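What follows is the content of model-v2.pdb, which has PDB, C-alpha atoms:
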```
MODEL        1
ATOM      1  CA  MET A   1       3.351  -7.251  30.917
ATOM      2  CA  SER A   2       5.746  -4.594  29.585
ATOM      3  CA  LEU A   3       4.420  -1.451  27.989
ATOM      4  CA  ARG A   4       5.689  -2.590  24.623
ATOM      5  CA  TRP A   5       3.895  -5.921  24.802
ATOM      6  CA  MET A   6       0.749  -4.254  26.074
ATOM      7  CA  ARG A   7       0.774  -1.886  23.137
ATOM      8  CA  ALA A   8       1.358  -4.781  20.748
ATOM      9  CA  PHE A   9      -1.528  -6.713  22.301
ATOM     10  CA  LEU A  10      -3.834  -3.748  21.923
ATOM     11  CA  LEU A  11      -2.719  -3.330  18.354
ATOM     12  CA  VAL A  12      -4.046  -6.711  17.225
ATOM     13  CA  LEU A  13      -7.475  -5.718  18.482
ATOM     14  CA  LEU A  14      -7.537  -2.825  16.038
ATOM     15  CA  THR A  15      -9.248  -3.195  12.693
ATOM     16  CA  CYS A  16      -8.704  -0.991   9.658
ATOM     17  CA  ALA A  17     -11.487   0.681   8.256
ATOM     18  CA  ALA A  18      -5.995  -2.132   6.352
ATOM     19  CA  ALA A  19      27.831 -17.240   1.530
ATOM     20  CA  SER A  20      29.075 -13.713   0.747
ATOM     21  CA  SER A  21      28.186 -10.443   2.182
ATOM     22  CA  TRP A  22      24.917 -12.274   2.775
ATOM     23  CA  ALA A  23      26.553 -15.207   4.505
ATOM     24  CA  VAL A  24      24.401 -17.828   6.140
ATOM     25  CA  GLU A  25      25.958 -17.225   9.525
ATOM     26  CA  ALA A  26      24.753 -13.624   9.508
ATOM     27  CA  PHE A  27      21.177 -14.814   9.302
ATOM     28  CA  SER A  28      21.003 -17.718  11.705
ATOM     29  CA  GLY A  29      17.340 -16.940  12.417
ATOM     30  CA  SER A  30      16.247 -17.104   8.777
ATOM     31  CA  ASP A  31      14.231 -20.033   7.543
ATOM     32  CA  ALA A  32      14.971 -21.930   4.325
ATOM     33  CA  LEU A  33      12.494 -19.909   2.268
ATOM     34  CA  LEU A  34      14.061 -16.634   3.281
ATOM     35  CA  GLN A  35      17.583 -17.916   2.743
ATOM     36  CA  ALA A  36      16.618 -18.882  -0.804
ATOM     37  CA  GLN A  37      15.395 -15.358  -1.495
ATOM     38  CA  LEU A  38      18.540 -13.839   0.022
ATOM     39  CA  GLU A  39      20.842 -16.015  -2.070
ATOM     40  CA  ALA A  40      18.913 -15.349  -5.290
ATOM     41  CA  ALA A  41      18.935 -11.606  -4.648
ATOM     42  CA  HIS A  42      22.655 -11.489  -3.928
ATOM     43  CA  ALA A  43      23.471 -13.541  -7.021
ATOM     44  CA  SER A  44      21.400 -11.209  -9.182
ATOM     45  CA  LEU A  45      22.939  -7.991  -7.877
ATOM     46  CA  ALA A  46      26.477  -9.428  -8.033
ATOM     47  CA  ALA A  47      26.048 -10.552 -11.649
ATOM     48  CA  GLU A  48      24.126  -7.651 -13.169
ATOM     49  CA  ARG A  49      25.828  -4.405 -14.151
ATOM     50  CA  PRO A  50      22.753  -2.412 -15.237
ATOM     51  CA  PRO A  51      20.630  -0.719 -12.569
ATOM     52  CA  ARG A  52      18.187  -3.044 -10.881
ATOM     53  CA  LEU A  53      14.885  -2.576  -9.141
ATOM     54  CA  VAL A  54      14.962  -4.116  -5.663
ATOM     55  CA  PHE A  55      11.559  -4.845  -4.127
ATOM     56  CA  ALA A  56      10.676  -6.075  -0.647
ATOM     57  CA  GLY A  57       7.051  -6.547   0.344
ATOM     58  CA  PHE A  58       5.978  -7.444   3.857
ATOM     59  CA  ALA A  59       2.427  -8.692   4.531
ATOM     60  CA  MET A  60       2.797  -8.447   8.265
ATOM     61  CA  HIS A  61      -0.577  -9.517   9.678
ATOM     62  CA  SER A  62      -2.355 -12.849   9.317
ATOM     63  CA  GLY A  63      -5.780 -11.264   9.895
ATOM     64  CA  SER A  64      -6.539 -10.278   6.299
ATOM     65  CA  SER A  65      -5.878 -11.665   2.830
ATOM     66  CA  ALA A  66      -5.557  -8.055   1.619
ATOM     67  CA  PHE A  67      -2.046  -7.747   2.988
ATOM     68  CA  ARG A  68      -0.643 -10.620   0.926
ATOM     69  CA  GLY A  69      -2.734  -9.378  -1.976
ATOM     70  CA  ASP A  70      -1.007  -6.020  -1.702
ATOM     71  CA  VAL A  71       2.432  -7.630  -1.892
ATOM     72  CA  GLU A  72       1.390  -9.778  -4.852
ATOM     73  CA  LEU A  73       0.051  -6.765  -6.742
ATOM     74  CA  ALA A  74       3.108  -4.637  -6.006
ATOM     75  CA  ALA A  75       5.439  -7.480  -7.010
ATOM     76  CA  GLU A  76       3.608  -7.839 -10.321
ATOM     77  CA  VAL A  77       4.091  -4.148 -11.065
ATOM     78  CA  MET A  78       7.775  -4.265 -10.095
ATOM     79  CA  ARG A  79       8.361  -7.158 -12.507
ATOM     80  CA  GLU A  80       6.683  -5.148 -15.262
ATOM     81  CA  ILE A  81       9.044  -2.249 -14.579
ATOM     82  CA  ASP A  82      12.084  -4.542 -14.404
ATOM     83  CA  PRO A  83      11.673  -8.171 -15.510
ATOM     84  CA  ARG A  84      14.935  -8.949 -13.671
ATOM     85  CA  ALA A  85      13.885  -7.205 -10.490
ATOM     86  CA  VAL A  86      15.370  -8.460  -7.218
ATOM     87  CA  MET A  87      12.423  -9.667  -5.169
ATOM     88  CA  PHE A  88      11.654 -10.326  -1.522
ATOM     89  CA  GLU A  89       8.095 -11.418  -0.694
ATOM     90  CA  LEU A  90       7.242 -12.171   2.932
ATOM     91  CA  ALA A  91       3.856 -12.850   4.508
ATOM     92  CA  ASN A  92       2.184 -14.180   7.622
ATOM     93  CA  PRO A  93      -0.540 -16.567   6.386
ATOM     94  CA  PRO A  94      -3.809 -17.148   8.251
ATOM     95  CA  ALA A  95      -4.329 -20.129  10.512
ATOM     96  CA  GLY A  96      -4.498 -23.393   8.587
ATOM     97  CA  ARG A  97      -2.600 -22.130   5.551
ATOM     98  CA  GLU A  98       0.906 -23.479   4.989
ATOM     99  CA  ALA A  99       3.561 -20.815   4.537
ATOM    100  CA  ASP A 100       4.892 -20.748   0.973
ATOM    101  CA  TRP A 101       6.738 -17.453   1.547
ATOM    102  CA  PRO A 102       9.111 -16.551   4.359
ATOM    103  CA  LEU A 103       7.247 -15.280   7.396
ATOM    104  CA  ALA A 104       7.084 -11.519   7.844
ATOM    105  CA  THR A 105       8.423 -11.599  11.395
ATOM    106  CA  ARG A 106      10.299  -8.724  13.016
ATOM    107  CA  GLY A 107      13.548 -10.638  12.653
ATOM    108  CA  ASN A 108      13.005 -11.531   9.013
ATOM    109  CA  ILE A 109      11.987  -7.995   8.089
ATOM    110  CA  ARG A 110      15.109  -6.608   9.702
ATOM    111  CA  THR A 111      17.247  -9.291   7.992
ATOM    112  CA  VAL A 112      15.921  -8.357   4.551
ATOM    113  CA  LEU A 113      16.468  -4.636   5.095
ATOM    114  CA  GLN A 114      20.018  -5.249   6.310
ATOM    115  CA  ALA A 115      20.732  -7.467   3.292
ATOM    116  CA  ILE A 116      19.422  -4.892   0.839
ATOM    117  CA  ALA A 117      21.464  -2.137   2.468
ATOM    118  CA  ARG A 118      24.648  -4.184   2.162
ATOM    119  CA  ASP A 119      24.435  -4.991  -1.540
ATOM    120  CA  VAL A 120      22.248  -2.364  -3.191
ATOM    121  CA  ARG A 121      24.142  -0.042  -5.540
ATOM    122  CA  PRO A 122      23.692   3.719  -5.995
ATOM    123  CA  SER A 123      22.222   3.151  -9.453
ATOM    124  CA  ASP A 124      19.571   0.723  -8.150
ATOM    125  CA  LYS A 125      16.143   1.743  -6.923
ATOM    126  CA  VAL A 126      14.533   0.201  -3.854
ATOM    127  CA  VAL A 127      10.801  -0.169  -3.274
ATOM    128  CA  LEU A 128       9.574  -1.283   0.162
ATOM    129  CA  LEU A 129       5.961  -2.129   1.007
ATOM    130  CA  PHE A 130       4.720  -2.583   4.559
ATOM    131  CA  THR A 131       1.068  -3.616   4.725
ATOM    132  CA  THR A 132      -0.702  -4.523   7.959
ATOM    133  CA  HIS A 133      -2.986  -3.278  10.720
ATOM    134  CA  GLY A 134      -1.578  -0.252  12.482
ATOM    135  CA  SER A 135      -1.939   2.407  15.124
ATOM    136  CA  ALA A 136      -0.014   5.586  15.841
ATOM    137  CA  ARG A 137       3.729   4.909  15.264
ATOM    138  CA  LEU A 138       3.122   1.136  15.375
ATOM    139  CA  LEU A 139       2.809  -1.502  12.648
ATOM    140  CA  GLY A 140       1.294  -4.799  13.725
ATOM    141  CA  VAL A 141       3.148  -8.093  13.266
ATOM    142  CA  GLN A 142       0.952 -11.158  13.726
ATOM    143  CA  GLU A 143       1.582 -14.774  12.783
ATOM    144  CA  ALA A 144      -1.558 -16.888  12.918
ATOM    145  CA  GLN A 145      -0.235 -19.002  15.787
ATOM    146  CA  GLY A 146       2.301 -16.543  17.146
ATOM    147  CA  ARG A 147       2.409 -13.925  19.832
ATOM    148  CA  PRO A 148       1.292 -10.465  18.662
ATOM    149  CA  ASP A 149       4.067  -7.961  18.147
ATOM    150  CA  ALA A 150       4.654  -4.566  16.582
ATOM    151  CA  ILE A 151       7.344  -2.494  14.887
ATOM    152  CA  GLU A 152       7.724   1.047  16.146
ATOM    153  CA  ALA A 153       8.439   3.994  13.880
ATOM    154  CA  SER A 154      11.772   4.604  15.598
ATOM    155  CA  GLU A 155      12.823   0.991  15.004
ATOM    156  CA  LEU A 156      11.982   1.140  11.314
ATOM    157  CA  GLN A 157      13.900   4.417  11.108
ATOM    158  CA  ASP A 158      16.971   2.678  12.549
ATOM    159  CA  TRP A 159      16.625  -0.307  10.213
ATOM    160  CA  LEU A 160      16.422   1.964   7.177
ATOM    161  CA  ALA A 161      19.241   4.296   8.259
ATOM    162  CA  PRO A 162      21.860   2.517   6.057
ATOM    163  CA  LEU A 163      19.642   3.279   3.051
ATOM    164  CA  ARG A 164      19.331   7.014   3.681
ATOM    165  CA  SER A 165      21.560   7.863   0.700
ATOM    166  CA  ARG A 166      19.921   5.384  -1.692
ATOM    167  CA  PRO A 167      16.819   6.002  -3.831
ATOM    168  CA  VAL A 168      14.040   4.368  -1.803
ATOM    169  CA  LEU A 169      10.262   4.414  -2.203
ATOM    170  CA  VAL A 170       8.502   3.391   1.006
ATOM    171  CA  LEU A 171       4.819   2.450   0.872
ATOM    172  CA  VAL A 172       3.005   1.985   4.175
ATOM    173  CA  SER A 173      -0.556   0.700   3.998
ATOM    174  CA  ALA A 174      -1.957   0.750   7.512
ATOM    175  CA  CYS A 175      -4.179   2.812   9.747
ATOM    176  CA  TYR A 176      -2.442   5.908  11.168
ATOM    177  CA  SER A 177       0.477   5.249   8.807
ATOM    178  CA  GLY A 178       1.095   8.974   8.358
ATOM    179  CA  SER A 179       2.663   8.856  11.807
ATOM    180  CA  PHE A 180       5.618   7.049  10.177
ATOM    181  CA  VAL A 181       6.456   9.848   7.748
ATOM    182  CA  PRO A 182       8.746  11.881  10.058
ATOM    183  CA  ALA A 183      10.800   8.773  10.885
ATOM    184  CA  LEU A 184      11.244   7.759   7.231
ATOM    185  CA  MET A 185      12.125  11.099   5.656
ATOM    186  CA  ALA A 186      15.481  11.402   3.851
ATOM    187  CA  PRO A 187      16.540  13.487   0.834
ATOM    188  CA  SER A 188      16.665  10.453  -1.458
ATOM    189  CA  HIS A 189      13.434   8.893  -0.180
ATOM    190  CA  ILE A 190       9.792   9.017  -1.211
ATOM    191  CA  VAL A 191       7.267   8.005   1.454
ATOM    192  CA  LEU A 192       3.622   7.266   0.670
ATOM    193  CA  THR A 193       1.144   6.256   3.349
ATOM    194  CA  ALA A 194      -2.444   5.051   3.273
ATOM    195  CA  ALA A 195      -3.651   7.482   5.919
ATOM    196  CA  SER A 196      -2.728  10.501   7.980
ATOM    197  CA  SER A 197      -1.305  10.185  11.471
ATOM    198  CA  THR A 198      -4.815  10.436  12.967
ATOM    199  CA  ARG A 199      -6.972   8.488  10.518
ATOM    200  CA  SER A 200      -7.850   4.903   9.698
ATOM    201  CA  SER A 201      -7.354   3.385   6.269
ATOM    202  CA  PHE A 202      -9.649   0.847   4.649
ATOM    203  CA  GLY A 203      -9.878  -2.382   2.679
ATOM    204  CA  CYS A 204      -8.420  -4.911   5.103
ATOM    205  CA  LYS A 205     -11.370  -7.101   5.992
ATOM    206  CA  SER A 206     -10.420 -10.726   6.454
ATOM    207  CA  ASP A 207     -11.314 -11.667   2.868
ATOM    208  CA  SER A 208     -10.385  -8.431   1.072
ATOM    209  CA  ARG A 209      -8.343  -8.592  -2.132
ATOM    210  CA  ASN A 210      -6.298  -5.452  -1.477
ATOM    211  CA  THR A 211      -6.303  -2.448   0.771
ATOM    212  CA  PHE A 212      -7.889   0.623  -0.815
ATOM    213  CA  PHE A 213      -4.548   2.426  -0.857
ATOM    214  CA  VAL A 214      -2.521  -0.202  -2.711
ATOM    215  CA  GLU A 215      -5.360  -1.086  -5.052
ATOM    216  CA  GLU A 216      -6.009   2.479  -6.171
ATOM    217  CA  LEU A 217      -2.290   3.187  -6.402
ATOM    218  CA  LEU A 218      -1.238   0.142  -8.428
ATOM    219  CA  ARG A 219      -4.299  -1.051 -10.387
ATOM    220  CA  GLN A 220      -4.466   2.045 -12.571
ATOM    221  CA  ASP A 221      -4.762   1.765 -16.337
ATOM    222  CA  ASP A 222      -1.559   2.221 -18.347
ATOM    223  CA  LEU A 223       0.341   2.505 -15.068
ATOM    224  CA  LEU A 224       3.892   2.349 -16.417
ATOM    225  CA  SER A 225       3.428   5.335 -18.720
ATOM    226  CA  HIS A 226       2.706   7.650 -15.779
ATOM    227  CA  SER A 227       4.981   9.197 -13.184
ATOM    228  CA  LEU A 228       4.669   8.482  -9.497
ATOM    229  CA  VAL A 229       3.449  12.035  -8.933
ATOM    230  CA  GLU A 230       0.633  11.487 -11.408
ATOM    231  CA  ILE A 231      -0.195   8.068  -9.993
ATOM    232  CA  VAL A 232      -0.421   9.392  -6.451
ATOM    233  CA  ASP A 233      -2.717  12.242  -7.498
ATOM    234  CA  ARG A 234      -5.020   9.839  -9.311
ATOM    235  CA  ALA A 235      -5.020   7.384  -6.421
ATOM    236  CA  ARG A 236      -5.838  10.083  -3.900
ATOM    237  CA  THR A 237      -8.838  11.196  -5.937
ATOM    238  CA  ALA A 238     -10.066   7.614  -6.374
ATOM    239  CA  ILE A 239      -9.703   6.854  -2.662
ATOM    240  CA  GLU A 240     -11.573  10.011  -1.679
ATOM    241  CA  ARG A 241     -14.400   9.138  -4.066
ATOM    242  CA  ARG A 242     -14.563   5.564  -2.816
ATOM    243  CA  GLU A 243     -14.605   6.535   0.838
ATOM    244  CA  SER A 244     -17.202   9.226   0.267
ATOM    245  CA  ALA A 245     -19.516   6.782  -1.514
ATOM    246  CA  MET A 246     -19.228   4.432   1.468
ATOM    247  CA  ARG A 247     -19.669   7.304   3.947
ATOM    248  CA  LEU A 248     -16.313   6.612   5.544
ATOM    249  CA  LEU A 249     -14.194   9.182   7.325
ATOM    250  CA  ALA A 250     -11.534  10.205   4.804
ATOM    251  CA  SER A 251      -8.235   8.417   5.346
ATOM    252  CA  GLN A 252      -6.173  11.349   4.002
ATOM    253  CA  PRO A 253      -3.201   9.511   2.398
ATOM    254  CA  GLN A 254       0.099  11.305   2.909
ATOM    255  CA  SER A 255       3.134  11.790   0.682
ATOM    256  CA  TYR A 256       6.699  12.967   1.227
ATOM    257  CA  TRP A 257       9.040  13.707  -1.676
ATOM    258  CA  GLY A 258      12.708  14.000  -0.732
ATOM    259  CA  SER A 259      14.660  16.792  -2.398
ATOM    260  CA  ASP A 260      16.975  14.336  -4.191
ATOM    261  CA  ALA A 261      14.040  12.178  -5.358
ATOM    262  CA  GLN A 262      12.159  14.851  -7.305
ATOM    263  CA  ALA A 263      13.397  13.820 -10.757
ATOM    264  CA  TRP A 264      12.672  10.154 -10.053
ATOM    265  CA  ALA A 265       9.172  11.007  -8.874
ATOM    266  CA  ARG A 266       8.420  12.695 -12.209
ATOM    267  CA  GLN A 267       9.743   9.927 -14.453
ATOM    268  CA  PRO A 268       7.307   7.428 -16.006
ATOM    269  CA  LEU A 269       7.586   4.141 -14.146
ATOM    270  CA  ALA A 270       8.832   2.446 -17.335
ATOM    271  CA  SER A 271      11.876   4.783 -17.299
ATOM    272  CA  TRP A 272      12.809   4.443 -13.636
ATOM    273  CA  LEU A 273      16.061   2.624 -14.402
ATOM    274  CA  GLY A 274      17.282   5.110 -17.022
ATOM    275  CA  THR A 275      16.024   3.374 -20.120
ATOM    276  CA  LYS A 276      12.547   2.205 -20.960
ATOM    277  CA  GLN A 277      12.093  -1.432 -20.040
ATOM    278  CA  GLN A 278      10.986  -3.837 -22.770
TER     279      GLN A 278
ENDMDL
END
```
Take the structure in this file and express it as structure tokens.
Amino acid sequence: MSLRWMRAFLLVLLTCAAASSWAVEAFSGSDALLQAQLEAAHASLAAERPPRLVFAGFAMHSGSSAFRGDVELAAEVMREIDPRAVMFELANPPAGREADWPLATRGNIRTVLQAIARDVRPSDKVVLLFTTHGSARLLGVQEAQGRPDAIEASELQDWLAPLRSRPVLVLVSACYSGSFVPALMAPSHIVLTAASSTRSSFGCKSDSRNTFFVEELLRQDDLLSHSLVEIVDRARTAIERRESAMRLLASQPQSYWGSDAQAWARQPLASWLGTKQQ
């Protein structure tokens, strides 16, 4: 067994304490569900002149309902910010559940990121959510009936390289997710993680609704009237209080604010696209 596969195998044993530029031939490995999302996204960006919000959420591990719950919650918020948001929702369902979304496989994740990079415009804003079990510089990828795999920080850095000059918010909800911050930093990027590089995150039991990080970040009252800076501060306080009450070792969520993303970070969510959304 190669080192990479050994590391991936060990990873799944971890538990959290959490026809165009998009031509069919370019994505021969995509299934019909993913191709439908790709075509809808391209049609939307090609037709719309105003700035768009582009969201991609990846529930990468079949071991907990929290991961899909995170993507569902984030997608709901993105549609509130921009009712015409361009959406990608991928998940690996548990055993016995039929897939109604494209699978969040390594290949499909890379395909979506490549597609976004090709068609996203400078005026658009991109939000990416990766939610799964994790370890240092590794994010677990597990289909219910598939072979365990992982995405390394350096790989995700390469996949996101074409988006370095675009406004991108990256959310990583996984144990040890702070270890991804150095790989994801760019002047136009904001990176928020559920934990430091040495700590576990919580809320990903098999039947959990959401991870602590995504729940406290995105289930806040009057969310769209607050800036991301305010939301992160409130979420950090709520997570600390919740973990303390449960006598859990603090997860220490991390944040990185790129120099070119400062103004965006201080705008109310409802004004992210330049004008308040109705």
Applied to this file, what does the PyMOL selection byres ((chain A and resi 131) around 9) return in terms of residues, put as a PyMOL selection string?
chain A and resi 18+57-61+66-68+70-71+129-130+132-134+139+171-174+211+214
In Å, rounded to a single decimal, give me how far CA of Pro51 (chain A) is from CA of Met78 (chain A).
13.6 Å
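Residues matched by the PyMOL selection byres ((chain A and resi 197) around 10) in this structure: Ser135, Ala136, Arg137, Cys175, Tyr176, Ser177, Gly178, Ser179, Phe180, Val181, Thr193, Ala194, Ala195, Ser196, Thr198, Arg199, Ser200, Ser251, Gln252, Pro253 and Gln254 of chain A.
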Skip region 154-158 of chain A itself and residues of its chain fewer than 3 positions away, then list as a ChimeraX atom specification all residues within 6 Å of it, counting all atoms listed in the file.
/A:161,183-184
Shell around Leu273 (chain A) at 10 Å using all atoms listed in the file, local window under 6 positions removed, as a JSON list (two decimals) with C-alpha atoms, keeping the file's coordinate frame:
```
[["chain", "number", "residue", "atom", "x", "y", "z"],
["A", 50, "PRO", "CA", 22.75, -2.41, -15.24],
["A", 51, "PRO", "CA", 20.63, -0.72, -12.57],
["A", 52, "ARG", "CA", 18.19, -3.04, -10.88],
["A", 53, "LEU", "CA", 14.88, -2.58, -9.14],
["A", 81, "ILE", "CA", 9.04, -2.25, -14.58],
["A", 82, "ASP", "CA", 12.08, -4.54, -14.40],
["A", 123, "SER", "CA", 22.22, 3.15, -9.45],
["A", 124, "ASP", "CA", 19.57, 0.72, -8.15],
["A", 125, "LYS", "CA", 16.14, 1.74, -6.92],
["A", 264, "TRP", "CA", 12.67, 10.15, -10.05],
["A", 267, "GLN", "CA", 9.74, 9.93, -14.45]]
```
Give me the residues of region 116-194 of chain A that have any atom at most 9 Å from an atom of region 96-110 of chain A; for each, the nearest atom pair and the distance in Å, rounded to one decimal. Use only C-alpha atoms, sort by chain and number, and format it as a tab-separated table.
```
residue	atom	partner	partner_atom	distance
A:Val141	CA	A:Thr105	CA	6.6
A:Gln142	CA	A:Thr105	CA	7.8
A:Glu143	CA	A:Thr105	CA	7.7
A:Ala144	CA	A:Gly96	CA	8.3
A:Asp149	CA	A:Arg106	CA	8.1
A:Ala150	CA	A:Arg106	CA	7.9
A:Ile151	CA	A:Arg106	CA	7.1
A:Leu156	CA	A:Arg110	CA	8.5
A:Trp159	CA	A:Arg110	CA	6.5
```
Got a sec: who's within 12 Å of Gln220 (chain A), counting all atoms listed in the file, leaving out chain neighbours fewer than 4 positions off, as a PyMOL selection string?
chain A and resi 73+77+213-216+224-228+230-236+238
Compare A:Ala261, A:Leu33, A:Val127, A:Ala250 by their minimum atom-to-atom distance to Ser188 (chain A), counting all atoms listed in the file, and give me the closest one.
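Nearest candidate to Ser188 (chain A) out of A:Ala261, A:Leu33, A:Val127, A:Ala250: A:Ala261.
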Output region 226-242 of chain A as a PDB file, in the coordinates of the input, making sure N, CA, C and O atoms are there.
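For reference, selection-v4.pdb as written:
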```
ATOM      1  N   HIS A 226       2.909   6.491 -16.640  1.00  0.00           N
ATOM      2  CA  HIS A 226       2.706   7.650 -15.779  1.00  0.00           C
ATOM      3  C   HIS A 226       3.796   7.747 -14.718  1.00  0.00           C
ATOM      4  O   HIS A 226       4.396   6.752 -14.324  1.00  0.00           O
ATOM      5  N   SER A 227       4.019   8.964 -14.261  1.00  0.00           N
ATOM      6  CA  SER A 227       4.981   9.197 -13.184  1.00  0.00           C
ATOM      7  C   SER A 227       4.335   8.887 -11.841  1.00  0.00           C
ATOM      8  O   SER A 227       3.101   8.840 -11.713  1.00  0.00           O
ATOM      9  N   LEU A 228       5.180   8.743 -10.837  1.00  0.00           N
ATOM     10  CA  LEU A 228       4.669   8.482  -9.497  1.00  0.00           C
ATOM     11  C   LEU A 228       3.837   9.656  -8.991  1.00  0.00           C
ATOM     12  O   LEU A 228       2.816   9.461  -8.319  1.00  0.00           O
ATOM     13  N   VAL A 229       4.240  10.869  -9.330  1.00  0.00           N
ATOM     14  CA  VAL A 229       3.449  12.035  -8.933  1.00  0.00           C
ATOM     15  C   VAL A 229       2.041  11.952  -9.505  1.00  0.00           C
ATOM     16  O   VAL A 229       1.043  12.173  -8.800  1.00  0.00           O
ATOM     17  N   GLU A 230       1.947  11.615 -10.773  1.00  0.00           N
ATOM     18  CA  GLU A 230       0.633  11.487 -11.408  1.00  0.00           C
ATOM     19  C   GLU A 230      -0.172  10.347 -10.788  1.00  0.00           C
ATOM     20  O   GLU A 230      -1.382  10.486 -10.530  1.00  0.00           O
ATOM     21  N   ILE A 231       0.489   9.231 -10.554  1.00  0.00           N
ATOM     22  CA  ILE A 231      -0.195   8.068  -9.993  1.00  0.00           C
ATOM     23  C   ILE A 231      -0.753   8.372  -8.608  1.00  0.00           C
ATOM     24  O   ILE A 231      -1.890   7.999  -8.282  1.00  0.00           O
ATOM     25  N   VAL A 232       0.031   9.056  -7.800  1.00  0.00           N
ATOM     26  CA  VAL A 232      -0.421   9.392  -6.451  1.00  0.00           C
ATOM     27  C   VAL A 232      -1.617  10.335  -6.499  1.00  0.00           C
ATOM     28  O   VAL A 232      -2.594  10.168  -5.753  1.00  0.00           O
ATOM     29  N   ASP A 233      -1.584  11.318  -7.379  1.00  0.00           N
ATOM     30  CA  ASP A 233      -2.717  12.242  -7.498  1.00  0.00           C
ATOM     31  C   ASP A 233      -3.987  11.500  -7.907  1.00  0.00           C
ATOM     32  O   ASP A 233      -5.071  11.743  -7.354  1.00  0.00           O
ATOM     33  N   ARG A 234      -3.860  10.603  -8.857  1.00  0.00           N
ATOM     34  CA  ARG A 234      -5.020   9.839  -9.311  1.00  0.00           C
ATOM     35  C   ARG A 234      -5.534   8.913  -8.217  1.00  0.00           C
ATOM     36  O   ARG A 234      -6.760   8.768  -8.027  1.00  0.00           O
ATOM     37  N   ALA A 235      -4.614   8.284  -7.499  1.00  0.00           N
ATOM     38  CA  ALA A 235      -5.020   7.384  -6.421  1.00  0.00           C
ATOM     39  C   ALA A 235      -5.723   8.137  -5.308  1.00  0.00           C
ATOM     40  O   ALA A 235      -6.742   7.667  -4.781  1.00  0.00           O
ATOM     41  N   ARG A 236      -5.218   9.295  -4.962  1.00  0.00           N
ATOM     42  CA  ARG A 236      -5.838  10.083  -3.900  1.00  0.00           C
ATOM     43  C   ARG A 236      -7.277  10.449  -4.261  1.00  0.00           C
ATOM     44  O   ARG A 236      -8.195  10.334  -3.435  1.00  0.00           O
ATOM     45  N   THR A 237      -7.488  10.860  -5.491  1.00  0.00           N
ATOM     46  CA  THR A 237      -8.838  11.196  -5.937  1.00  0.00           C
ATOM     47  C   THR A 237      -9.753   9.981  -5.889  1.00  0.00           C
ATOM     48  O   THR A 237     -10.909  10.066  -5.433  1.00  0.00           O
ATOM     49  N   ALA A 238      -9.258   8.830  -6.361  1.00  0.00           N
ATOM     50  CA  ALA A 238     -10.066   7.614  -6.374  1.00  0.00           C
ATOM     51  C   ALA A 238     -10.403   7.151  -4.963  1.00  0.00           C
ATOM     52  O   ALA A 238     -11.533   6.707  -4.694  1.00  0.00           O
ATOM     53  N   ILE A 239      -9.460   7.257  -4.047  1.00  0.00           N
ATOM     54  CA  ILE A 239      -9.703   6.854  -2.662  1.00  0.00           C
ATOM     55  C   ILE A 239     -10.739   7.767  -2.012  1.00  0.00           C
ATOM     56  O   ILE A 239     -11.666   7.306  -1.331  1.00  0.00           O
ATOM     57  N   GLU A 240     -10.606   9.066  -2.239  1.00  0.00           N
ATOM     58  CA  GLU A 240     -11.573  10.011  -1.679  1.00  0.00           C
ATOM     59  C   GLU A 240     -12.976   9.715  -2.188  1.00  0.00           C
ATOM     60  O   GLU A 240     -13.948   9.718  -1.423  1.00  0.00           O
ATOM     61  N   ARG A 241     -13.094   9.444  -3.481  1.00  0.00           N
ATOM     62  CA  ARG A 241     -14.400   9.138  -4.066  1.00  0.00           C
ATOM     63  C   ARG A 241     -14.969   7.852  -3.478  1.00  0.00           C
ATOM     64  O   ARG A 241     -16.162   7.772  -3.155  1.00  0.00           O
ATOM     65  N   ARG A 242     -14.123   6.861  -3.335  1.00  0.00           N
ATOM     66  CA  ARG A 242     -14.563   5.564  -2.816  1.00  0.00           C
ATOM     67  C   ARG A 242     -15.012   5.668  -1.363  1.00  0.00           C
ATOM     68  O   ARG A 242     -16.062   5.134  -0.985  1.00  0.00           O
TER      69      ARG A 242
END
```
